[in-house]
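So this one's target-v4.cif, mmCIF, C-alpha atoms:
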```
data_start
#
loop_
_atom_site.label_atom_id
_atom_site.label_comp_id
_atom_site.auth_asym_id
_atom_site.auth_seq_id
_atom_site.Cartn_x
_atom_site.Cartn_y
_atom_site.Cartn_z
CA MET A 653 -35.68 24.40 14.49
CA ASP A 654 -39.42 25.14 13.99
CA THR A 655 -42.19 22.82 12.79
CA THR A 656 -41.96 23.90 9.14
CA SER A 657 -38.29 23.02 9.01
CA TYR A 658 -38.86 19.65 10.69
CA VAL A 659 -41.60 18.72 8.19
CA ALA A 660 -39.47 19.80 5.23
CA LEU A 661 -36.45 17.91 6.58
CA SER A 662 -38.51 14.72 7.01
CA ARG A 663 -39.56 15.04 3.37
CA GLN A 664 -35.98 15.51 2.23
CA ILE A 665 -34.84 12.43 4.16
CA ALA A 666 -37.63 10.39 2.57
CA LEU A 667 -36.79 11.73 -0.90
CA GLN A 668 -33.12 10.90 -0.41
CA ARG A 669 -34.05 7.32 0.49
CA ALA A 670 -36.32 7.08 -2.57
CA MET A 671 -33.49 8.43 -4.75
CA GLN A 672 -31.11 5.75 -3.47
CA VAL A 673 -33.61 2.98 -4.28
CA VAL A 674 -34.36 4.31 -7.77
CA ALA A 675 -30.65 4.79 -8.49
CA ASN A 676 -30.07 1.17 -7.45
CA ASN A 677 -32.82 0.07 -9.85
CA VAL A 678 -31.16 1.96 -12.69
CA ALA A 679 -27.76 0.47 -11.83
CA ASN A 680 -29.28 -3.04 -12.09
CA LEU A 681 -30.98 -2.62 -15.46
CA GLY A 682 -28.75 -5.35 -16.88
CA THR A 683 -28.57 -7.61 -13.80
CA THR A 684 -29.94 -11.11 -14.36
CA GLY A 685 -33.11 -11.81 -12.38
CA PHE A 686 -33.10 -8.43 -10.60
CA LYS A 687 -36.44 -7.18 -9.29
CA ALA A 688 -37.19 -3.47 -9.11
CA GLN A 689 -37.69 -1.96 -5.68
CA SER A 690 -39.67 0.96 -4.34
CA VAL A 691 -39.97 2.66 -0.95
CA LEU A 692 -43.13 2.41 1.13
CA PHE A 693 -43.91 5.62 3.01
CA GLU A 694 -46.38 6.35 5.78
CA THR A 695 -47.62 9.50 7.47
CA VAL A 696 -46.55 10.18 11.05
CA LEU A 697 -48.90 12.55 12.87
CA GLU A 698 -47.69 14.71 15.72
CA ARG A 699 -49.77 17.05 17.84
CA ALA A 700 -49.03 20.73 17.30
CA GLY A 701 -51.46 22.18 19.79
CA GLU A 702 -55.20 21.59 19.88
CA PRO A 703 -56.82 20.78 17.58
CA ARG A 704 -54.11 20.73 14.90
CA THR A 705 -51.71 17.93 13.98
CA VAL A 706 -48.61 18.04 11.79
CA ALA A 707 -47.90 15.28 9.27
CA PHE A 708 -44.34 14.03 8.89
CA VAL A 709 -43.26 11.45 6.30
CA GLN A 710 -41.30 8.30 7.11
CA ASP A 711 -40.14 5.38 4.96
CA VAL A 712 -41.09 2.11 6.61
CA ALA A 713 -40.04 -0.55 4.10
CA THR A 714 -38.52 -1.34 0.71
CA VAL A 715 -40.94 -3.27 -1.50
CA ARG A 716 -39.82 -5.61 -4.31
CA ASP A 717 -41.77 -5.86 -7.56
CA PRO A 718 -42.16 -9.64 -8.09
CA SER A 719 -43.29 -9.37 -11.72
CA PRO A 720 -41.17 -11.45 -14.12
CA GLY A 721 -38.50 -9.96 -16.32
CA PRO A 722 -38.04 -10.81 -20.00
CA ILE A 723 -36.63 -14.23 -20.88
CA LEU A 724 -33.50 -13.67 -22.97
CA PRO A 725 -32.10 -16.59 -25.02
CA THR A 726 -28.36 -17.22 -24.55
CA GLY A 727 -27.84 -20.73 -25.90
CA GLY A 728 -25.78 -21.67 -22.85
CA PRO A 729 -26.72 -25.19 -21.65
CA LEU A 730 -26.34 -24.20 -18.00
CA ASP A 731 -28.18 -20.87 -18.36
CA LEU A 732 -31.64 -21.34 -16.83
CA ALA A 733 -34.62 -19.02 -16.60
CA ILE A 734 -37.82 -19.53 -14.61
CA ARG A 735 -41.04 -18.98 -16.51
CA GLY A 736 -43.69 -18.12 -13.93
CA PRO A 737 -43.36 -18.13 -10.12
CA GLY A 738 -40.62 -19.84 -8.17
CA TYR A 739 -36.99 -19.56 -7.11
CA PHE A 740 -33.85 -21.63 -7.39
CA ALA A 741 -32.51 -22.79 -4.03
CA VAL A 742 -28.74 -22.55 -3.46
CA LEU A 743 -26.53 -23.40 -0.51
CA THR A 744 -24.36 -20.65 0.98
CA PRO A 745 -22.14 -20.56 4.09
CA ALA A 746 -25.01 -18.69 5.79
CA GLY A 747 -27.54 -21.37 4.87
CA GLU A 748 -30.07 -21.86 2.10
CA ARG A 749 -30.78 -18.85 -0.08
CA TYR A 750 -32.98 -18.23 -3.13
CA THR A 751 -32.53 -16.60 -6.49
CA ARG A 752 -34.02 -16.02 -9.94
CA ALA A 753 -30.58 -15.53 -11.49
CA GLY A 754 -29.97 -18.79 -13.34
CA GLN A 755 -26.48 -18.31 -14.78
CA PHE A 756 -24.88 -21.49 -13.44
CA LEU A 757 -21.40 -22.94 -13.87
CA ARG A 758 -19.79 -26.27 -13.25
CA ASN A 759 -17.05 -26.38 -10.61
CA ALA A 760 -14.13 -28.77 -10.29
CA GLN A 761 -16.28 -31.27 -8.36
CA GLY A 762 -18.93 -31.31 -11.11
CA GLU A 763 -21.44 -29.34 -9.04
CA LEU A 764 -23.74 -26.78 -10.63
CA VAL A 765 -22.93 -23.52 -8.86
CA THR A 766 -23.63 -19.80 -9.10
CA ALA A 767 -20.97 -17.32 -10.17
CA ASP A 768 -20.06 -16.99 -6.46
CA GLY A 769 -19.67 -20.75 -6.08
CA HIS A 770 -22.92 -21.53 -4.26
CA PRO A 771 -24.22 -25.02 -5.19
CA LEU A 772 -27.63 -25.31 -6.86
CA LEU A 773 -29.91 -27.66 -4.90
CA ASP A 774 -32.12 -30.45 -6.19
CA GLU A 775 -35.68 -31.17 -5.05
CA GLY A 776 -34.28 -33.02 -2.03
CA GLY A 777 -32.10 -30.11 -0.93
CA ARG A 778 -28.82 -31.69 -2.12
CA PRO A 779 -26.19 -30.17 -4.44
CA ILE A 780 -26.54 -31.24 -8.06
CA VAL A 781 -23.47 -33.05 -9.38
CA LEU A 782 -22.95 -33.81 -13.07
CA PRO A 783 -20.65 -36.67 -14.13
CA PRO A 784 -17.62 -35.73 -16.26
CA GLU A 785 -19.06 -37.43 -19.34
CA GLU A 786 -22.12 -35.12 -19.32
CA PRO A 787 -20.80 -31.65 -20.26
CA ALA A 788 -24.11 -30.38 -21.67
CA PRO A 789 -27.14 -32.16 -20.19
CA THR A 790 -30.71 -31.53 -21.27
CA ILE A 791 -32.88 -29.78 -18.67
CA ALA A 792 -36.65 -30.08 -19.03
CA ALA A 793 -39.28 -27.55 -17.95
CA ASP A 794 -39.97 -29.53 -14.77
CA GLY A 795 -36.28 -29.36 -13.82
CA THR A 796 -35.40 -32.93 -14.81
CA ILE A 797 -31.75 -33.20 -15.86
CA ALA A 798 -31.11 -35.86 -18.48
CA GLY A 799 -27.85 -37.08 -19.99
CA ARG A 800 -26.77 -39.73 -22.41
CA ASN A 801 -27.04 -42.39 -19.73
CA GLY A 802 -30.42 -41.39 -18.29
CA ILE A 803 -31.78 -39.10 -15.56
CA LEU A 804 -29.12 -37.26 -13.58
CA GLY A 805 -31.32 -35.37 -11.12
CA ARG A 806 -34.03 -32.78 -10.85
CA ILE A 807 -33.72 -29.11 -9.98
CA GLY A 808 -36.02 -28.10 -7.15
CA LEU A 809 -37.96 -24.87 -7.52
CA VAL A 810 -39.49 -23.38 -4.38
CA SER A 811 -42.07 -20.70 -3.63
CA PHE A 812 -43.19 -18.73 -0.58
CA ALA A 813 -46.53 -17.88 0.98
CA GLN A 814 -45.34 -14.27 1.42
CA PRO A 815 -42.72 -13.64 -1.27
CA HIS A 816 -42.72 -9.89 -0.52
CA ARG A 817 -40.99 -10.71 2.76
CA LEU A 818 -37.88 -12.06 1.03
CA ARG A 819 -34.82 -10.00 1.93
CA PRO A 820 -32.15 -9.12 -0.68
CA GLU A 821 -28.65 -10.06 0.47
CA GLY A 822 -26.59 -9.04 -2.54
CA GLY A 823 -25.30 -11.12 -5.41
CA GLY A 824 -28.85 -11.80 -6.56
CA LEU A 825 -29.61 -13.83 -3.43
CA LEU A 826 -32.69 -13.61 -1.21
CA ALA A 827 -33.19 -14.78 2.37
CA SER A 828 -36.42 -15.79 4.07
CA ASP A 829 -37.58 -16.27 7.65
CA GLU A 830 -40.34 -18.62 6.53
CA PRO A 831 -39.72 -22.13 5.19
CA PRO A 832 -39.90 -22.51 1.41
CA ILE A 833 -42.73 -24.40 -0.25
CA PRO A 834 -41.27 -27.12 -2.51
CA GLY A 835 -42.58 -27.71 -6.00
CA ALA A 836 -43.25 -24.19 -7.33
CA PRO A 837 -45.52 -24.15 -10.40
CA GLY A 838 -43.00 -22.27 -12.54
CA GLY A 839 -41.21 -23.94 -15.44
CA ILE A 840 -37.52 -23.89 -16.34
CA VAL A 841 -36.28 -22.64 -19.72
CA GLN A 842 -32.84 -23.98 -20.67
CA GLY A 843 -30.48 -21.81 -22.68
CA ALA A 844 -31.97 -18.54 -21.46
CA LEU A 845 -31.76 -16.05 -18.59
CA GLU A 846 -34.40 -13.87 -16.98
CA GLY A 847 -33.55 -10.22 -17.44
CA SER A 848 -34.19 -7.44 -14.94
CA ASN A 849 -37.81 -6.28 -14.68
CA VAL A 850 -36.65 -2.67 -14.22
CA GLN A 851 -38.25 -0.29 -16.74
CA GLY A 852 -35.42 2.06 -17.55
CA VAL A 853 -37.43 4.99 -18.91
CA LEU A 854 -39.82 4.87 -15.96
CA GLU A 855 -37.00 4.79 -13.40
CA ILE A 856 -35.14 7.68 -15.05
CA THR A 857 -38.38 9.68 -15.00
CA ARG A 858 -38.82 8.92 -11.31
CA LEU A 859 -35.25 9.96 -10.61
CA ILE A 860 -35.85 13.32 -12.29
CA GLU A 861 -39.11 13.81 -10.36
CA ILE A 862 -37.44 13.00 -7.03
CA THR A 863 -34.53 15.34 -7.78
CA ARG A 864 -36.90 18.20 -8.60
CA ALA A 865 -38.98 17.53 -5.49
CA PHE A 866 -35.82 17.54 -3.35
CA GLU A 867 -34.67 20.83 -4.88
CA GLY A 868 -38.14 22.34 -4.42
CA THR A 869 -38.17 21.37 -0.75
CA GLN A 870 -34.70 22.87 -0.31
CA ARG A 871 -35.90 26.16 -1.82
CA MET A 872 -38.88 26.12 0.55
CA ILE A 873 -36.54 25.69 3.54
CA GLU A 874 -34.32 28.52 2.34
CA THR A 875 -37.32 30.81 1.76
CA HIS A 876 -38.71 30.00 5.21
CA HIS A 877 -35.35 30.73 6.83
CA GLU A 878 -35.12 34.03 4.96
CA LEU A 879 -38.61 35.04 6.13
CA THR A 880 -37.70 34.12 9.69
CA ARG A 881 -34.48 36.17 9.45
CA ARG A 882 -36.39 39.21 8.19
CA ALA A 883 -39.00 38.86 10.95
CA VAL A 884 -36.26 38.74 13.60
CA GLU A 885 -34.57 41.82 12.11
CA ARG A 886 -37.85 43.76 12.13
CA LEU A 887 -38.62 42.77 15.70
CA ALA A 888 -35.12 43.83 16.70
CA GLY A 889 -35.66 47.19 14.97
CA VAL A 890 -38.97 47.74 16.77
CA SER A 891 -37.43 46.87 20.14
CA ALA A 892 -34.61 49.31 19.54
#
```

In structure tokens, write the structure found in this file.
Amino acid sequence: MDTTSYVALSRQIALQRAMQVVANNVANLGTTGFKAQSVLFETVLERAGEPRTVAFVQDVATVRDPSPGPILPTGGPLDLAIRGPGYFAVLTPAGERYTRAGQFLRNAQGELVTADGHPLLDEGGRPIVLPPEEPAPTIAADGTIAGRNGILGRIGLVSFAQPHRLRPEGGGLLASDEPPIPGAPGGIVQGALEGSNVQGVLEITRLIEITRAFEGTQRMIETHHELTRRAVERLAGVSA
């Protein structure tokens, strides 16, 4: 395979990766707390004889857009949205994880848990347990949970020095290699959920652009191969 084909193939691989990310964004238009993603590309230069170099394209990372999504009222007493920065901390079998998806339930033990059963943690890193006589507590903007008999606990929001380094793990959960910073400045809105920050029209437009670019690159490869075939046939005719 010659240099032209290698360069075109590297572009197609990058476009295919971009298409997967955009398609995932579109699929999560209605996912609570989902953050849109994009692919970060960089140029890889290779020598092609002095003094020329050939530029290949390579995707090096997937970048999350941390901008907030719309806050959508639900009326559910255990539906919580974060206004501003911050993340809920939950406990999973793999350790502590973080999320902006605040659709919590109450399990048989009275714990506030995610849809997958992961307990929501308080500001001290402990699961939050509601007594049976408090089916619908009041949750203030600072995370304080109040019932008929007084304060029941306080939800702990956390933040990160480098939030772009959080890794998606599925189910709306994020993992981090750096320790969380307790006491994020964001506020909690009870009876609401944060919607996805994906802009549907923009993502569909990107998907169309990527598809056309992929098809254009494919036509370029086919044209180049056809020109090469004709050149070989002519050289064979001359030699004969």

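In terms of minimum interatomic distance to Met671 of chain A, A:Arg858 ranks closest within A:Arg778, A:Arg806, A:Arg858, A:Arg752, counting only C-alpha atoms.
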
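In this structure, atom CA of Leu764 of chain A sits 28.8 Å away from atom CA of Asn676 of chain A.
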
Output of the PyMOL selection byres ((chain A and resi 769) around 12), listed as a compact mmCIF listing (two decimals) with C-alpha atoms, in the coordinates of the input:
```
# COMPACT_ATOMS: atom_id res chain seq x y z
CA VAL A 742 -28.74 -22.55 -3.46
CA LEU A 743 -26.53 -23.40 -0.51
CA THR A 744 -24.36 -20.65 0.98
CA PRO A 745 -22.14 -20.56 4.09
CA GLN A 755 -26.48 -18.31 -14.78
CA PHE A 756 -24.88 -21.49 -13.44
CA LEU A 757 -21.40 -22.94 -13.87
CA ARG A 758 -19.79 -26.27 -13.25
CA ASN A 759 -17.05 -26.38 -10.61
CA ALA A 760 -14.13 -28.77 -10.29
CA GLN A 761 -16.28 -31.27 -8.36
CA GLY A 762 -18.93 -31.31 -11.11
CA GLU A 763 -21.44 -29.34 -9.04
CA LEU A 764 -23.74 -26.78 -10.63
CA VAL A 765 -22.93 -23.52 -8.86
CA THR A 766 -23.63 -19.80 -9.10
CA ALA A 767 -20.97 -17.32 -10.17
CA ASP A 768 -20.06 -16.99 -6.46
CA HIS A 770 -22.92 -21.53 -4.26
CA PRO A 771 -24.22 -25.02 -5.19
CA LEU A 772 -27.63 -25.31 -6.86
CA PRO A 779 -26.19 -30.17 -4.44
CA GLY A 823 -25.30 -11.12 -5.41
```

Subject >> Matched chain/residue IDs from the PyMOL selection byres ((chain A and resi 844-852) around 6), as a list in words >> reply: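 In the shown coordinates, the PyMOL selection byres ((chain A and resi 844-852) around 6) covers Leu681, Thr683, Thr684, Gly685, Phe686, Lys687, Ala688, Gly721, Pro722, Ile723, Leu724, Pro725, Thr726, Asp731, Leu732, Ala733, Gln842, Gly843, Val853, Leu854 and Glu855 of chain A.
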
**OP:** Show which residues sit within 8 Å of Gly838 of chain A, as a PyMOL selection string. Count all atoms listed in the file, and ignore same-chain residues fewer than 6 positions away.
**Re:** chain A and resi 734-738+809

**OP:** Using the chain letters and numbering of this document, enumerate as a PyMOL selection string the residues selected by the PyMOL selection byres ((chain A and resi 870-881) around 9).
**Re:** chain A and resi 656-657+660-661+664+865-869+882-886

Could you name the residues that touch Ile791 of chain A at 9 Å or less, counting only C-alpha atoms, but leaving out those on the same chain fewer than 2 positions away, as a compact mmCIF listing (two decimals) with C-alpha atoms, keeping the file's coordinate frame?
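Output contents, as saved in result.txt:
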```txt
# COMPACT_ATOMS: atom_id res chain seq x y z
CA PRO A 729 -26.72 -25.19 -21.65
CA LEU A 730 -26.34 -24.20 -18.00
CA LEU A 732 -31.64 -21.34 -16.83
CA PRO A 789 -27.14 -32.16 -20.19
CA ALA A 793 -39.28 -27.55 -17.95
CA ASP A 794 -39.97 -29.53 -14.77
CA GLY A 795 -36.28 -29.36 -13.82
CA THR A 796 -35.40 -32.93 -14.81
CA ILE A 797 -31.75 -33.20 -15.86
CA ALA A 798 -31.11 -35.86 -18.48
CA GLY A 799 -27.85 -37.08 -19.99
CA ARG A 806 -34.03 -32.78 -10.85
CA ILE A 807 -33.72 -29.11 -9.98
CA ILE A 840 -37.52 -23.89 -16.34
CA VAL A 841 -36.28 -22.64 -19.72
CA GLN A 842 -32.84 -23.98 -20.67
```

Subject >> Residue nearest Ile833 of chain A - candidates A:Arg800, A:Glu775, A:Leu887, A:Ser811, atoms counted: all atoms listed in the file >> reply: A:Ser811

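Of note, atom CA of Gly808 of chain A and atom CA of Pro787 of chain A are spaced 20.4 Å apart.
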
**OP:** List the neighbours of Val810 of chain A out to 6 Å using all atoms listed in the file; skip same-chain residues closer than 6 positions along the sequence, and give me the result as an MDAnalysis selection string.
**Re:** chainID A and resid 738:739 832:836

Subject >> Contact residues around segment 825-830 of chain A with all atoms listed in the file at 10 Å, ignoring same-chain residues under 3 positions, as a PyMOL selection string >> reply: chain A and resi 685-686+739-742+744+746-753+812-822+833

Original post:
Mind pulling up the distance from atom CA of Gly754 of chain A to atom CA of Ser690 of chain A?
Top reply: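 According to the coordinates, atom CA of Ser690 of chain A and atom CA of Gly754 of chain A are separated by 23.8 Å.
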
Original post:
Pick from A:Val659, A:Gly727, A:Gln668, A:Gly839: nearest to Thr863 of chain A, with all atoms listed in the file counted?
Top reply: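 For Thr863 of chain A, the nearest of the given residues is A:Gln668.
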
To test the calculation: enclose all listed atoms of segment 669-682 of chain A in a box whose edges run along x, y and z, add 8 Å on each side, then state centre and edge lengths in Å to one decimal, as AutoDock Vina command-line options.
```
--center_x -32.0 --center_y 1.5 --center_z -8.2 --size_x 24.6 --size_y 29.8 --size_z 33.4
```

**OP:** Using all atoms listed in the file, pick whichever of A:Arg669, A:Glu786, A:Ala675, A:Gly682 has the shortest atom-to-atom distance to Ala713 of chain A.
**Re:** A:Arg669
